[in-house]
Amino acid sequence: MIGSLDSEGKYRLLLRVSEAANGQLDFPRVLDAIAHALTPIVPLDAIAVVSRSGDRFYPHAVHIEGLDRRPGESFGQTLERAVHPPPPGEDFAQYEREGFPLAGSATAYVERTGRAYVCQNLEGERLFSEDDRLYAYGIRAYVRTPLFVRDRLIGSIAFSRSEPRRFLPEEIEILEEVSRPIATAVSNSLAYGEIERLKDRLQEENLILRGELDERSSFGDVIGSSPALRRTLARVERVARTNSTVLLLGETGTGKELLAAEIHRRSPRASGTFVKVNCAALPEALIASELFGHEKGAFTGALERRIGRFELASGGTLFLDEIGDLPAEVQVALLRVLQEGEFERVGGNRTFRTDARIIAATNRDLSRDVEEGRFRSDLFYRLNVFPIEVPPLRERREDIPILVEYFASRHGARLGKKFRRVDRATMDRILGYPWPGNIRELENWIERAAILSDGDRLSLDEPSGGGSGGSMQAKGAAGRTLAEREKEAIEQALAASGGRVSGEKGAAARLGVPATTLESKIRKRKIDKHRFR
């Protein structure tokens with residue numbers, strides 16, 4: 001008993017508790033070892049630890065004398081075996097998920113006082129929000145001590161008895177002393193648990209991301225041998241072996257994402273993760289969270305900590321598509337990552353490092369956006385280390401026949417059809433059309449043609465789907481430049497949409513291109529869209 005311990009005996013007890021606390025990372029086993037060392041000196045029936053997270057605390061681990069611990073058993077499962085049947089309305093699993101409010105609890109009290117709280121008879125001394133619950137569990141007396149690590153409360157520990165047997169001052173002093181090494185063990189356990197959780201989540205997300213990498217893109221492997229494409233692939237091959245930032249420039253639908261994946265696959269980082277983010281597809285409020293992650297409670301709906309794409313891509317490649325659509329405040333954070341490799345999660349103050357390689361892509365004229373104040377010049381220079389122009393389909397017309405053959409075979413197989421040839425008139429119309437939507441538009445058209453074609457011949461009388469304003473009929477395919485034909489297609493789409501560019505019935509939708517791309521083409525071709533209204 002404690003009364004028989006001299007100062008050397010107390011020292012040996014603290015040493016045994018410290019060794020037990022730091023002996024392993026499986027904290028329930030740590031509690032078992034602590035109880036084994038402690039209970040012969042200070043009789044106890046249970047030891048329970050709760051951990052703090054923000055303004056709530058959560059069950060962490062419990063030891064109950066006489067109840068064998070089962071490997072992998074949670075706090076709630078142990079209580080369910082010990083307190084059977086549970087008191088009415090008790091849901092141990094819910095407590096583990098949702099925790100308890102810190103305000104009004106004994107844990108908040110010991111944080112404020114910095115000392116142990118002693119309840120000598122719970123039947124008549126129920127002061128805190130959890131005391132009724134403890135009484136229902138069979139607890140009759142307890143000592144709760146704070147667990148501080150570097151002056152920060154990480155939780156508390158309750159040493160309990162199932163009968164109203166008073167804790168002696170010497171016992172309380174010992175329990176306060178042993179709480180210090182236990183606090184370190186809890187801190188290690190929390191860190192280890194977080195590492196394991198993040199590792200599991202990273203493995204899951206890595207499997208998903210690797211699945212995305214392994215999936216063939218919307219137009220398969222890089223197809224074609226035109227001089228324009230060969231020049232682009234030569235630059236891809238040259239930069240892939242480095243860690244340099246790459247900026248892919250080109251119209252929508254030209255295959256920038258596919259080339260980004262090719263750069264990753266041909267790089268020393270090929271064994272790492274290829275992570276994709278479409279900056280234009282995310283609401284402004286969520287872009288920072290998607291890129292940098294967020295802490296639990298950082299904003300409404302942030303119910304748990306989230307790993308950002310920069311963390312996922314560390315050691316691999318991060319592809320930022322539509323980089324020109326990044327909000328100004330996110331541009332600042334991205335610049336810091338490019339310069340220093342550092343960032344913070346939304347709602348957090350801990351600095352993380354990443355060595356993710358950045359490949360960015362845009363269909364915008366970023367230099368013009370810089371001049372007009374829509375894009376930071378310093379970020380543009382950081383991104384524009386190795387620019388690669390991705391040619392539009394109209395500049396690699398030699399590749400169109402093989403692309404048509406590839407898409408016809410691919411979509412025909414999916415539909416249970418086998419196309420052996422393409423109608424000559426259809427191919428003439430395909431070759432004479434400017435394809436403002438590029439390869440993506442071509443694939444969509446071939447898919448539609450595959451659905452409508454019968455037999456082994458691919459054909460379609462109205463390739464652009466009718467009413468799109470971009471008919472590929474040979475109404476002037478000869479004798480005019482591609483630019484002239486593209487201008488005519490845009491003007492027809494504007495006329496059909498009453499001068500409206502965006503929206504379901506706008507010219508962009510009719511042509512199958514993003515509104516931003518069409519606006520750029522309208523400016524480039526010096527088209528007055530207002531005259532069609």
# chains A, B, ... in the order shown; residues from 1 in each chain; ligands from 1

call {"tool": "residues_around", "arguments": {"residues": "Asp132 of chain A", "least_positions_apart": "6", "cutoff": "9 Å", "atoms": "only C-alpha atoms", "output": "PDB file with N, CA and C atoms, in the first residue's frame"}}
result
ATOM      1  N   LEU A 122     -19.381   9.412  -5.328  1.00  0.00           N
ATOM      2  CA  LEU A 122     -20.116   9.872  -6.502  1.00  0.00           C
ATOM      3  C   LEU A 122     -21.620   9.895  -6.264  1.00  0.00           C
ATOM      4  N   GLU A 123     -22.072   9.111  -5.292  1.00  0.00           N
ATOM      5  CA  GLU A 123     -23.510   9.084  -5.026  1.00  0.00           C
ATOM      6  C   GLU A 123     -24.016  10.451  -4.578  1.00  0.00           C
ATOM      7  N   ARG A 126     -22.148  14.614  -7.481  1.00  0.00           N
ATOM      8  CA  ARG A 126     -22.187  14.652  -8.950  1.00  0.00           C
ATOM      9  C   ARG A 126     -22.217  16.111  -9.415  1.00  0.00           C
TER      10      ARG A 126
END

call {"tool": "residues_around", "arguments": {"residues": "segment 408-410 of chain A", "least_positions_apart": "4", "cutoff": "8 Å", "atoms": "only C-alpha atoms", "output": "PyMOL selection string"}}
result
chain A and resi 404+414+418-419+446-447+450+458

call {"tool": "select_by_dssp", "arguments": {"residues": "segment 324-529 of chain A", "states": "helix (DSSP H, G or I)", "output": "PyMOL selection string"}}
result
chain A and resi 324-325+328-340+366-371+377-383+393-395+397-414+424-432+438-452+482-496+507-511+515-524+529

call {"tool": "residues_around", "arguments": {"residues": "Glu90 of chain A", "least_positions_apart": "5", "cutoff": "12 Å", "atoms": "only C-alpha atoms", "output": "list in words"}}
result
Gly76, Leu79, Glu80, Val83, His84, Pro85, Tyr95, Glu96, Asp132, Arg133, Leu134, Ala136 and Tyr137 of chain A

call {"tool": "closest_residue", "arguments": {"among": "A:Gly437, A:Gly293, A:Gly255, A:Gly155", "to": "Asp321 of chain A", "atoms": "only C-alpha atoms"}}
result
A:Gly255

call {"tool": "atom_distance", "arguments": {"atom1": "atom CA of Arg265 of chain A", "atom2": "atom CA of Arg241 of chain A"}}
result
9.8 Å

call {"tool": "residues_around", "arguments": {"residues": "Ser367 of chain A", "least_positions_apart": "2", "cutoff": "12 Å", "atoms": "only C-alpha atoms", "output": "list in words"}}
result
Leu249, Gly324, Thr362, Asn363, Arg364, Asp365, Asp369, Val370, Glu371, Glu372, Gly373, Arg374, Phe375, Arg376, Ser377, Asp378, Leu379, Phe380, Tyr381, Leu383 and Asn384 of chain A

call {"tool": "closest_residue", "arguments": {"among": "A:Phe299, A:Tyr135, A:Tyr142, A:Phe532", "to": "Ala48 of chain A", "atoms": "only C-alpha atoms"}}
result
A:Tyr142

call {"tool": "atom_distance", "arguments": {"atom1": "atom CA of Val149 of chain A", "atom2": "atom CA of Arg16 of chain A"}}
result
20.0 Å

call {"tool": "closest_residue", "arguments": {"among": "A:Arg357, A:Lys487, A:His36, A:Arg336", "to": "Leu247 of chain A", "atoms": "only C-alpha atoms"}}
result
A:Arg357

call {"tool": "residues_around", "arguments": {"residues": "Ala270 of chain A", "least_positions_apart": "4", "cutoff": "10 Å", "atoms": "only C-alpha atoms", "output": "list in words"}}
result
Ala261, Glu262, Ile263, His264, Arg265, Arg266, Phe274, Gly315, Gly316 and Thr317 of chain A

call {"tool": "atom_distance", "arguments": {"atom1": "atom CA of Ala37 of chain A", "atom2": "atom CA of Leu15 of chain A"}}
result
9.8 Å

call {"tool": "closest_residue", "arguments": {"among": "A:Glu73, A:Leu326, A:Trp445, A:Ala425", "to": "Leu366 of chain A", "atoms": "only C-alpha atoms"}}
result
A:Leu326

call {"tool": "select_by_dssp", "arguments": {"residues": "segment 338-491 of chain A", "states": "strand (DSSP E or B)", "output": "PyMOL selection string"}}
result
chain A and resi 342-344+346+351-353+357-362+386-389+421-422+457-458

call {"tool": "closest_residue", "arguments": {"among": "A:Arg397, A:Arg81, A:Gly499, A:Ala185", "to": "Asp68 of chain A", "atoms": "only C-alpha atoms"}}
result
A:Arg81

call {"tool": "closest_residue", "arguments": {"among": "A:Arg345, A:Arg533, A:Lys524, A:Arg382", "to": "Ile358 of chain A", "atoms": "only C-alpha atoms"}}
result
A:Arg382

call {"tool": "residues_around", "arguments": {"residues": "segment 105-116 of chain A", "least_positions_apart": "5", "cutoff": "9 Å", "atoms": "only C-alpha atoms", "output": "MDAnalysis selection string"}}
result
chainID A and resid 50 52 57 100 127:131 143:148 152:153 155:157 172:173 175:176
